[in-house]
Each structure stands twice: as structure tokens, then as C-alpha cells.
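Okay, work39.txt is below, compact mmCIF, N, CA and C atoms:
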# COMPACT_ATOMS: atom_id res chain seq x y z
N MET A 246 -19.99 -34.81 -13.48
CA MET A 246 -19.86 -33.49 -12.89
C MET A 246 -18.42 -33.33 -12.39
N ALA A 247 -17.83 -32.19 -12.67
CA ALA A 247 -16.45 -31.93 -12.25
C ALA A 247 -16.36 -31.84 -10.74
N GLU A 248 -15.19 -32.18 -10.21
CA GLU A 248 -14.99 -32.17 -8.75
C GLU A 248 -15.33 -30.82 -8.14
N ASN A 249 -14.83 -29.72 -8.74
CA ASN A 249 -15.09 -28.41 -8.13
C ASN A 249 -16.56 -27.98 -8.29
N GLU A 250 -17.31 -28.59 -9.23
CA GLU A 250 -18.75 -28.33 -9.32
C GLU A 250 -19.47 -28.97 -8.14
N ARG A 251 -19.06 -30.21 -7.75
CA ARG A 251 -19.70 -30.92 -6.65
C ARG A 251 -19.46 -30.20 -5.32
N ARG A 252 -18.24 -29.78 -5.09
CA ARG A 252 -17.94 -29.17 -3.80
C ARG A 252 -18.15 -27.66 -3.81
N GLY A 253 -18.39 -27.08 -4.97
CA GLY A 253 -18.54 -25.64 -5.08
C GLY A 253 -17.18 -24.99 -5.30
N LEU A 254 -17.19 -23.89 -6.00
CA LEU A 254 -15.93 -23.19 -6.25
C LEU A 254 -15.36 -22.65 -4.95
N THR A 255 -14.06 -22.78 -4.80
CA THR A 255 -13.37 -22.20 -3.65
C THR A 255 -12.32 -21.22 -4.15
N VAL A 256 -11.75 -20.47 -3.23
CA VAL A 256 -10.72 -19.52 -3.63
C VAL A 256 -9.50 -20.25 -4.19
N ARG A 257 -9.29 -21.49 -3.80
CA ARG A 257 -8.19 -22.30 -4.37
C ARG A 257 -8.32 -22.36 -5.89
N ASP A 258 -9.55 -22.42 -6.39
CA ASP A 258 -9.81 -22.55 -7.82
C ASP A 258 -9.56 -21.26 -8.58
N LEU A 259 -9.57 -20.12 -7.89
CA LEU A 259 -9.53 -18.82 -8.55
C LEU A 259 -8.31 -17.96 -8.22
N MET A 260 -7.64 -18.27 -7.14
CA MET A 260 -6.58 -17.38 -6.64
C MET A 260 -5.40 -17.32 -7.61
N HIS A 261 -4.68 -16.23 -7.50
CA HIS A 261 -3.42 -16.06 -8.22
C HIS A 261 -2.30 -16.45 -7.28
N THR A 262 -1.44 -17.33 -7.74
CA THR A 262 -0.35 -17.79 -6.88
C THR A 262 0.91 -16.95 -7.05
N HIS A 263 1.00 -16.22 -8.16
CA HIS A 263 2.12 -15.31 -8.33
C HIS A 263 1.69 -13.96 -7.77
N VAL A 264 2.22 -13.62 -6.60
CA VAL A 264 1.81 -12.39 -5.93
C VAL A 264 3.00 -11.45 -5.78
N VAL A 265 2.70 -10.18 -5.69
CA VAL A 265 3.73 -9.19 -5.39
C VAL A 265 3.88 -9.14 -3.88
N SER A 266 5.10 -9.29 -3.41
CA SER A 266 5.33 -9.17 -1.97
C SER A 266 6.42 -8.14 -1.74
N VAL A 267 6.26 -7.40 -0.66
CA VAL A 267 7.20 -6.33 -0.32
C VAL A 267 7.51 -6.40 1.17
N ASP A 268 8.58 -5.76 1.54
CA ASP A 268 9.00 -5.64 2.93
C ASP A 268 8.33 -4.39 3.53
N PRO A 269 8.00 -4.39 4.80
CA PRO A 269 7.36 -3.21 5.42
C PRO A 269 8.21 -1.94 5.30
N ASP A 270 9.53 -2.09 5.20
CA ASP A 270 10.41 -0.93 5.12
C ASP A 270 10.60 -0.41 3.69
N ASN A 271 10.11 -1.15 2.68
CA ASN A 271 10.22 -0.69 1.30
C ASN A 271 9.46 0.62 1.13
N PRO A 272 9.96 1.51 0.27
CA PRO A 272 9.21 2.73 -0.02
C PRO A 272 7.91 2.42 -0.76
N VAL A 273 6.88 3.19 -0.50
CA VAL A 273 5.60 3.03 -1.17
C VAL A 273 5.78 3.11 -2.69
N ALA A 274 6.63 4.01 -3.17
CA ALA A 274 6.85 4.14 -4.61
C ALA A 274 7.37 2.85 -5.22
N ASP A 275 8.26 2.17 -4.54
CA ASP A 275 8.79 0.89 -5.06
C ASP A 275 7.70 -0.18 -5.09
N ALA A 276 6.89 -0.23 -4.05
CA ALA A 276 5.80 -1.21 -4.01
C ALA A 276 4.79 -0.92 -5.11
N ALA A 277 4.47 0.36 -5.32
CA ALA A 277 3.52 0.73 -6.37
C ALA A 277 4.09 0.36 -7.75
N ALA A 278 5.37 0.59 -7.95
CA ALA A 278 5.99 0.24 -9.23
C ALA A 278 5.94 -1.27 -9.46
N ALA A 279 6.16 -2.06 -8.43
CA ALA A 279 6.08 -3.52 -8.55
C ALA A 279 4.66 -3.95 -8.89
N MET A 280 3.67 -3.30 -8.29
CA MET A 280 2.28 -3.62 -8.58
C MET A 280 1.94 -3.30 -10.03
N VAL A 281 2.42 -2.17 -10.51
CA VAL A 281 2.17 -1.78 -11.91
C VAL A 281 2.83 -2.77 -12.86
N ARG A 282 4.08 -3.14 -12.58
CA ARG A 282 4.78 -4.11 -13.44
C ARG A 282 4.03 -5.44 -13.51
N ALA A 283 3.50 -5.88 -12.39
CA ALA A 283 2.80 -7.17 -12.34
C ALA A 283 1.32 -7.05 -12.75
N LYS A 284 0.86 -5.81 -12.95
CA LYS A 284 -0.53 -5.55 -13.32
C LYS A 284 -1.51 -6.10 -12.29
N VAL A 285 -1.21 -5.79 -11.02
CA VAL A 285 -2.08 -6.21 -9.91
C VAL A 285 -2.41 -5.00 -9.05
N GLY A 286 -3.43 -5.14 -8.23
CA GLY A 286 -3.89 -4.04 -7.41
C GLY A 286 -3.48 -4.10 -5.96
N SER A 287 -2.62 -5.08 -5.62
CA SER A 287 -2.19 -5.17 -4.23
C SER A 287 -0.83 -5.83 -4.13
N ALA A 288 -0.18 -5.56 -3.01
CA ALA A 288 1.10 -6.20 -2.68
C ALA A 288 0.98 -6.72 -1.25
N LEU A 289 1.40 -7.95 -1.06
CA LEU A 289 1.39 -8.51 0.29
C LEU A 289 2.65 -8.06 1.01
N VAL A 290 2.48 -7.59 2.22
CA VAL A 290 3.60 -7.11 3.02
C VAL A 290 4.03 -8.25 3.93
N MET A 291 5.25 -8.69 3.72
CA MET A 291 5.75 -9.88 4.41
C MET A 291 6.89 -9.52 5.35
N GLN A 292 6.89 -10.15 6.51
CA GLN A 292 8.03 -10.11 7.42
C GLN A 292 8.54 -11.54 7.46
N GLY A 293 9.58 -11.78 6.68
CA GLY A 293 10.03 -13.15 6.49
C GLY A 293 8.97 -13.90 5.72
N LYS A 294 8.50 -15.02 6.29
CA LYS A 294 7.45 -15.79 5.63
C LYS A 294 6.06 -15.48 6.16
N LEU A 295 5.97 -14.52 7.08
CA LEU A 295 4.69 -14.19 7.70
C LEU A 295 4.05 -12.96 7.06
N LEU A 296 2.74 -13.04 6.84
CA LEU A 296 1.97 -11.93 6.30
C LEU A 296 1.74 -10.91 7.40
N SER A 297 2.22 -9.68 7.19
CA SER A 297 2.00 -8.66 8.20
C SER A 297 1.05 -7.56 7.74
N GLY A 298 0.79 -7.50 6.43
CA GLY A 298 -0.12 -6.48 5.93
C GLY A 298 -0.36 -6.62 4.45
N ILE A 299 -1.17 -5.69 3.93
CA ILE A 299 -1.43 -5.62 2.50
C ILE A 299 -1.45 -4.16 2.10
N LEU A 300 -0.84 -3.86 0.99
CA LEU A 300 -0.84 -2.51 0.43
C LEU A 300 -1.62 -2.58 -0.86
N THR A 301 -2.63 -1.74 -0.99
CA THR A 301 -3.48 -1.76 -2.18
C THR A 301 -3.38 -0.44 -2.93
N GLU A 302 -3.99 -0.44 -4.12
CA GLU A 302 -4.04 0.80 -4.90
C GLU A 302 -4.66 1.93 -4.08
N ARG A 303 -5.68 1.62 -3.32
CA ARG A 303 -6.32 2.64 -2.47
C ARG A 303 -5.34 3.22 -1.46
N ASP A 304 -4.51 2.36 -0.87
CA ASP A 304 -3.52 2.83 0.10
C ASP A 304 -2.50 3.76 -0.56
N VAL A 305 -2.08 3.40 -1.76
CA VAL A 305 -1.13 4.24 -2.49
C VAL A 305 -1.76 5.60 -2.80
N LEU A 306 -3.02 5.59 -3.19
CA LEU A 306 -3.71 6.86 -3.46
C LEU A 306 -3.84 7.71 -2.20
N ARG A 307 -4.17 7.07 -1.07
CA ARG A 307 -4.25 7.80 0.21
C ARG A 307 -2.91 8.44 0.55
N ALA A 308 -1.83 7.68 0.34
CA ALA A 308 -0.50 8.20 0.64
C ALA A 308 -0.17 9.38 -0.27
N ALA A 309 -0.47 9.24 -1.55
CA ALA A 309 -0.19 10.32 -2.50
C ALA A 309 -1.02 11.56 -2.18
N ALA A 310 -2.29 11.36 -1.85
CA ALA A 310 -3.17 12.50 -1.54
C ALA A 310 -2.76 13.21 -0.26
N SER A 311 -2.08 12.51 0.63
CA SER A 311 -1.66 13.12 1.89
C SER A 311 -0.47 14.05 1.71
N GLY A 312 0.18 13.95 0.57
CA GLY A 312 1.38 14.75 0.34
C GLY A 312 2.65 14.05 0.79
N ALA A 313 2.54 12.82 1.24
CA ALA A 313 3.72 12.07 1.68
C ALA A 313 4.68 11.87 0.51
N ASP A 314 5.95 11.84 0.80
CA ASP A 314 6.96 11.56 -0.22
C ASP A 314 7.00 10.05 -0.40
N LEU A 315 6.42 9.58 -1.49
CA LEU A 315 6.29 8.14 -1.70
C LEU A 315 7.61 7.45 -1.94
N VAL A 316 8.64 8.21 -2.25
CA VAL A 316 9.97 7.64 -2.45
C VAL A 316 10.61 7.28 -1.11
N THR A 317 10.21 7.98 -0.05
CA THR A 317 10.79 7.71 1.27
C THR A 317 9.80 7.11 2.27
N ALA A 318 8.51 7.31 2.04
CA ALA A 318 7.50 6.80 2.98
C ALA A 318 7.50 5.27 2.96
N PRO A 319 7.61 4.63 4.12
CA PRO A 319 7.63 3.16 4.14
C PRO A 319 6.23 2.59 3.95
N VAL A 320 6.18 1.44 3.34
CA VAL A 320 4.93 0.71 3.15
C VAL A 320 4.21 0.55 4.48
N SER A 321 4.94 0.29 5.55
CA SER A 321 4.33 0.05 6.86
C SER A 321 3.47 1.21 7.34
N ALA A 322 3.73 2.42 6.87
CA ALA A 322 2.95 3.58 7.28
C ALA A 322 1.60 3.64 6.59
N TRP A 323 1.41 2.92 5.51
CA TRP A 323 0.20 3.03 4.70
C TRP A 323 -0.54 1.71 4.50
N MET A 324 0.07 0.60 4.85
CA MET A 324 -0.55 -0.71 4.62
C MET A 324 -1.69 -0.94 5.61
N SER A 325 -2.54 -1.89 5.28
CA SER A 325 -3.53 -2.40 6.23
C SER A 325 -2.84 -3.53 6.99
N LYS A 326 -2.75 -3.37 8.29
CA LYS A 326 -2.05 -4.36 9.12
C LYS A 326 -2.94 -5.57 9.39
N ASP A 327 -2.31 -6.73 9.53
CA ASP A 327 -3.01 -7.96 9.86
C ASP A 327 -4.31 -8.13 9.06
N PRO A 328 -4.20 -8.22 7.74
CA PRO A 328 -5.41 -8.27 6.92
C PRO A 328 -6.21 -9.56 7.12
N GLU A 329 -7.50 -9.46 6.88
CA GLU A 329 -8.35 -10.64 6.84
C GLU A 329 -7.77 -11.55 5.76
N SER A 330 -7.98 -12.84 5.91
CA SER A 330 -7.51 -13.78 4.89
C SER A 330 -8.52 -14.91 4.75
N ALA A 331 -8.33 -15.69 3.70
CA ALA A 331 -9.17 -16.85 3.45
C ALA A 331 -8.29 -18.08 3.46
N SER A 332 -8.91 -19.23 3.72
CA SER A 332 -8.19 -20.50 3.58
C SER A 332 -8.39 -20.98 2.15
N LEU A 333 -7.64 -21.96 1.76
CA LEU A 333 -7.75 -22.53 0.41
C LEU A 333 -9.16 -23.04 0.13
N ASP A 334 -9.86 -23.51 1.15
CA ASP A 334 -11.17 -24.10 0.97
C ASP A 334 -12.33 -23.14 1.25
N THR A 335 -12.03 -21.86 1.43
CA THR A 335 -13.09 -20.87 1.59
C THR A 335 -13.89 -20.82 0.29
N THR A 336 -15.21 -20.90 0.41
CA THR A 336 -16.04 -20.86 -0.80
C THR A 336 -16.00 -19.47 -1.42
N VAL A 337 -16.31 -19.44 -2.70
CA VAL A 337 -16.39 -18.16 -3.41
C VAL A 337 -17.43 -17.27 -2.75
N GLN A 338 -18.56 -17.86 -2.35
CA GLN A 338 -19.62 -17.09 -1.70
C GLN A 338 -19.13 -16.47 -0.40
N ASP A 339 -18.44 -17.26 0.42
CA ASP A 339 -17.95 -16.73 1.70
C ASP A 339 -16.89 -15.66 1.50
N ALA A 340 -16.02 -15.85 0.52
CA ALA A 340 -14.99 -14.84 0.23
C ALA A 340 -15.63 -13.54 -0.23
N ALA A 341 -16.60 -13.65 -1.13
CA ALA A 341 -17.29 -12.45 -1.63
C ALA A 341 -18.00 -11.73 -0.49
N GLN A 342 -18.67 -12.48 0.37
CA GLN A 342 -19.38 -11.87 1.50
C GLN A 342 -18.40 -11.13 2.42
N LEU A 343 -17.29 -11.76 2.73
CA LEU A 343 -16.28 -11.16 3.59
C LEU A 343 -15.73 -9.87 2.97
N MET A 344 -15.42 -9.93 1.68
CA MET A 344 -14.84 -8.76 1.01
C MET A 344 -15.84 -7.62 0.92
N LEU A 345 -17.08 -7.93 0.58
CA LEU A 345 -18.10 -6.88 0.48
C LEU A 345 -18.44 -6.30 1.84
N LEU A 346 -18.52 -7.15 2.85
CA LEU A 346 -18.84 -6.70 4.20
C LEU A 346 -17.80 -5.72 4.72
N HIS A 347 -16.52 -5.99 4.44
CA HIS A 347 -15.44 -5.15 4.96
C HIS A 347 -14.95 -4.11 3.96
N GLY A 348 -15.43 -4.15 2.74
CA GLY A 348 -15.10 -3.13 1.75
C GLY A 348 -13.71 -3.25 1.15
N PHE A 349 -13.21 -4.47 1.01
CA PHE A 349 -11.92 -4.59 0.34
C PHE A 349 -12.04 -5.47 -0.90
N ARG A 350 -11.08 -5.28 -1.80
CA ARG A 350 -11.13 -5.93 -3.11
C ARG A 350 -10.10 -7.03 -3.28
N HIS A 351 -9.18 -7.19 -2.33
CA HIS A 351 -8.13 -8.21 -2.42
C HIS A 351 -8.07 -8.98 -1.12
N LEU A 352 -7.99 -10.30 -1.24
CA LEU A 352 -8.02 -11.16 -0.07
C LEU A 352 -6.87 -12.16 -0.14
N PRO A 353 -5.92 -12.07 0.79
CA PRO A 353 -4.85 -13.07 0.82
C PRO A 353 -5.43 -14.45 1.13
N VAL A 354 -4.82 -15.46 0.54
CA VAL A 354 -5.23 -16.84 0.78
C VAL A 354 -4.07 -17.53 1.47
N VAL A 355 -4.37 -18.11 2.63
CA VAL A 355 -3.32 -18.73 3.44
C VAL A 355 -3.66 -20.18 3.76
N GLU A 356 -2.61 -20.94 3.99
CA GLU A 356 -2.74 -22.30 4.48
C GLU A 356 -1.91 -22.36 5.74
N GLY A 357 -2.59 -22.51 6.88
CA GLY A 357 -1.88 -22.36 8.15
C GLY A 357 -1.45 -20.90 8.25
N ARG A 358 -0.16 -20.69 8.32
CA ARG A 358 0.36 -19.32 8.36
C ARG A 358 1.11 -18.96 7.07
N GLN A 359 1.08 -19.86 6.09
CA GLN A 359 1.82 -19.64 4.85
C GLN A 359 0.90 -19.08 3.76
N VAL A 360 1.35 -18.00 3.12
CA VAL A 360 0.59 -17.39 2.03
C VAL A 360 0.64 -18.29 0.81
N ARG A 361 -0.53 -18.54 0.23
CA ARG A 361 -0.64 -19.37 -0.97
C ARG A 361 -1.03 -18.58 -2.20
N GLY A 362 -1.64 -17.39 -2.00
CA GLY A 362 -2.06 -16.59 -3.14
C GLY A 362 -2.93 -15.43 -2.72
N VAL A 363 -3.56 -14.82 -3.72
CA VAL A 363 -4.48 -13.70 -3.51
C VAL A 363 -5.65 -13.89 -4.46
N VAL A 364 -6.83 -13.57 -3.97
CA VAL A 364 -8.02 -13.58 -4.82
C VAL A 364 -8.62 -12.18 -4.75
N SER A 365 -9.15 -11.72 -5.87
CA SER A 365 -9.73 -10.38 -5.92
C SER A 365 -11.22 -10.47 -6.23
N LEU A 366 -11.94 -9.40 -5.97
CA LEU A 366 -13.35 -9.35 -6.33
C LEU A 366 -13.51 -9.58 -7.83
N ARG A 367 -12.59 -9.05 -8.61
CA ARG A 367 -12.64 -9.25 -10.06
C ARG A 367 -12.57 -10.74 -10.39
N ASP A 368 -11.71 -11.48 -9.70
CA ASP A 368 -11.61 -12.93 -9.91
C ASP A 368 -12.95 -13.61 -9.61
N LEU A 369 -13.58 -13.20 -8.50
CA LEU A 369 -14.84 -13.81 -8.10
C LEU A 369 -15.94 -13.52 -9.11
N PHE A 370 -16.01 -12.28 -9.58
CA PHE A 370 -17.03 -11.93 -10.57
C PHE A 370 -16.75 -12.61 -11.90
N ALA A 371 -15.50 -12.68 -12.30
CA ALA A 371 -15.15 -13.34 -13.57
C ALA A 371 -15.57 -14.80 -13.54
N ALA A 372 -15.42 -15.46 -12.41
CA ALA A 372 -15.83 -16.86 -12.29
C ALA A 372 -17.33 -17.00 -12.47
N ARG A 373 -18.07 -16.07 -11.94
CA ARG A 373 -19.53 -16.12 -12.07
C ARG A 373 -19.96 -15.82 -13.50
N ILE A 374 -19.31 -14.90 -14.15
CA ILE A 374 -19.66 -14.54 -15.52
C ILE A 374 -19.36 -15.69 -16.47
N SER A 375 -18.29 -16.42 -16.20
CA SER A 375 -17.93 -17.54 -17.08
C SER A 375 -18.80 -18.76 -16.85
N ARG A 376 -19.68 -18.71 -15.85
CA ARG A 376 -20.59 -19.81 -15.55
C ARG A 376 -22.02 -19.29 -15.59
N PRO A 377 -22.54 -18.93 -16.78
CA PRO A 377 -23.84 -18.25 -16.87
C PRO A 377 -25.04 -19.10 -16.45
N ALA A 378 -24.88 -20.40 -16.31
CA ALA A 378 -26.02 -21.23 -15.92
C ALA A 378 -26.48 -20.96 -14.50
N THR A 379 -25.62 -20.38 -13.67
CA THR A 379 -25.96 -20.07 -12.29
C THR A 379 -26.16 -18.56 -12.16
N PRO A 380 -27.33 -18.13 -11.67
CA PRO A 380 -27.57 -16.69 -11.55
C PRO A 380 -26.54 -16.00 -10.66
N LEU A 381 -26.15 -14.80 -11.02
CA LEU A 381 -25.17 -14.02 -10.27
C LEU A 381 -25.61 -13.84 -8.82
N THR A 382 -26.91 -13.75 -8.60
CA THR A 382 -27.39 -13.52 -7.24
C THR A 382 -27.01 -14.66 -6.29
N LEU A 383 -26.81 -15.86 -6.83
CA LEU A 383 -26.42 -16.97 -5.96
C LEU A 383 -25.04 -16.77 -5.35
N LEU A 384 -24.21 -15.94 -6.00
CA LEU A 384 -22.88 -15.66 -5.48
C LEU A 384 -22.95 -15.08 -4.08
N PHE A 385 -24.00 -14.32 -3.80
CA PHE A 385 -24.10 -13.60 -2.54
C PHE A 385 -25.17 -14.15 -1.61
N SER A 386 -25.76 -15.32 -1.94
CA SER A 386 -26.79 -15.85 -1.07
C SER A 386 -26.21 -16.68 0.04
Can you turn what I pasted into C-alpha cells?
Amino acid sequence: MAENERRGLTVRDLMHTHVVSVDPDNPVADAAAAMVRAKVGSALVMQGKLLSGILTERDVLRAAASGADLVTAPVSAWMSKDPESASLDTTVQDAAQLMLLHGFRHLPVVEGRQVRGVVSLRDLFAARISRPATPLTLLFS
């Protein structure tokens, strides 16, 4: 049996380590363009090496719908501040429960105070689909 089968899948096994990061003062349009280039749905907002927020596709849509000028509006005005995060050893089940409970699709993964990656609901579901021997319902039990 593989090591990650014995201990259960964790976000360490699924997270993306190449993440889009932006400064809180960057314009929303620049952050959105970086997300599109990287084909991701979120950007981590960093102040130095510290995570201060997350900007998601939903946040960009809210900003656009408000009529804000996305070329000048700073990310800090639209980001979710102090986002929930997971540790490297957070189980897939716990991450999914946290994300569904709070209604978000992207979860930063941190070790101590250092960002290690991001995991998305899509990543969690893809892991379950690629392992058909375990019923999907177990993901949320």
C-alpha cells in the first residue's frame, strides 16, 4: 500500500505549488490578467512573505459589476482579507469540509506562516474521481 494511501490523502498531495501572487496595491486588472495567463482562479495577496488575502474570480466579478475601474482599483479593496488556510497535512476530507462550509473554492496551504501552495475544490474532486474504488460520499464523511 502506498504511503499516502495509509495516511490518507492530504492537501500536500494535491496542492499546486506554482501560485499567482500579487501585491495589495496592484490593480485588479493586472491581478486578473495574471490569473488568466496562469489559468488559475485565484491570486494570493502577499505583503512580503506573509499572506494577507486572496483575490478570486468571484472577487474580480464583484469589482467589475460594481462599476469600479479595474485598471486603478487596488486588489486590497476587493480581496478576502486573512483567508482561511490549510496546513500541509490537512486531510482532503477536512479541506473539502472547510471549503464547502465557508463557500470558497480556493484554499491557501501554509507551513507555519509560509505559503506552500493552493488547493482548489476542483483538485479535491479530481482526486476522488481518479480513485473510483472509494465512493465519492466518503470525501465528505
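Distance-wise, CA of Gly362 (chain A) and CA of Ala277 (chain A) end up 18.5 Å apart.
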Find the nearest atom pair between each residue of region 250-273 of chain A and region 310-319 of chain A for residues within 6 Å, count only C-alpha atoms, give distances in Å to one decimal, sort rows by chain and ascending number, and present the table as CSV.
residue,atom,partner,partner_atom,distance
A:Asp270,CA,A:Pro319,CA,5.0
A:Asn271,CA,A:Pro319,CA,5.4
A:Pro272,CA,A:Pro319,CA,4.5
A:Val273,CA,A:Leu315,CA,5.2
Within 6 Å of Arg257 (chain A), counting only N, CA and C atoms, which residues qualify if same-chain residues fewer than 2 places away don't, as number ranges by chain?
-> A: 255, 259-260, 333-335
Write a file of the just-selected residues containing N, CA and C atoms, as a PDB file, in the coordinates of the input.
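What ended up in selection-v2.pdb:
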ATOM      1  N   THR A 255     -14.060 -22.780  -4.800  1.00  0.00           N
ATOM      2  CA  THR A 255     -13.370 -22.200  -3.650  1.00  0.00           C
ATOM      3  C   THR A 255     -12.320 -21.220  -4.150  1.00  0.00           C
ATOM      4  N   LEU A 259      -9.570 -20.120  -7.890  1.00  0.00           N
ATOM      5  CA  LEU A 259      -9.530 -18.820  -8.550  1.00  0.00           C
ATOM      6  C   LEU A 259      -8.310 -17.960  -8.220  1.00  0.00           C
ATOM      7  N   MET A 260      -7.640 -18.270  -7.140  1.00  0.00           N
ATOM      8  CA  MET A 260      -6.580 -17.380  -6.640  1.00  0.00           C
ATOM      9  C   MET A 260      -5.400 -17.320  -7.610  1.00  0.00           C
ATOM     10  N   LEU A 333      -7.640 -21.960   1.760  1.00  0.00           N
ATOM     11  CA  LEU A 333      -7.750 -22.530   0.410  1.00  0.00           C
ATOM     12  C   LEU A 333      -9.160 -23.040   0.130  1.00  0.00           C
ATOM     13  N   ASP A 334      -9.860 -23.510   1.150  1.00  0.00           N
ATOM     14  CA  ASP A 334     -11.170 -24.100   0.970  1.00  0.00           C
ATOM     15  C   ASP A 334     -12.330 -23.140   1.250  1.00  0.00           C
ATOM     16  N   THR A 335     -12.030 -21.860   1.430  1.00  0.00           N
ATOM     17  CA  THR A 335     -13.090 -20.870   1.590  1.00  0.00           C
ATOM     18  C   THR A 335     -13.890 -20.820   0.290  1.00  0.00           C
TER      19      THR A 335
END
Atom C of Met324 (chain A) and atom N of His261 (chain A), how far apart in Å?
-> 20.4 Å
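One distance worth recording is that between atom C of Gly348 (chain A) and atom C of Lys294 (chain A), which is 23.8 Å.
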Assign secondary structure with DSSP using the backbone only, and return the residues of region 248-359 of chain A in alpha helix (DSSP H) as a PyMOL selection string.
-> chain A and resi 248-252+256-259+273-283+302-311+337-347
Any idea what's packed within 5 Å of Pro353 (chain A), counting only N, CA and C atoms, ignoring anything in its chain fewer than 4 positions away? Could you give it as an NGL selection string?
-> :A and (330-331 or 362-363)
Step one, run DSSP on the backbone; step two, keep only residues of region 247-303 of chain A assigned to strand (DSSP E or B); then write them as a PyMOL selection string.
-> chain A and resi 255+261+266-267+272+287-292+295-301
Which one of A:Ala340, A:Leu366, A:Val290, A:Ala308 sits closest to Ser266 (chain A) if you count only N, CA and C atoms?
-> A:Val290
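The residue that comes closest to Ala283 (chain A), out of A:His351, A:Arg307, A:Arg367, A:His263 and on the basis of only C-alpha atoms, is A:His263.
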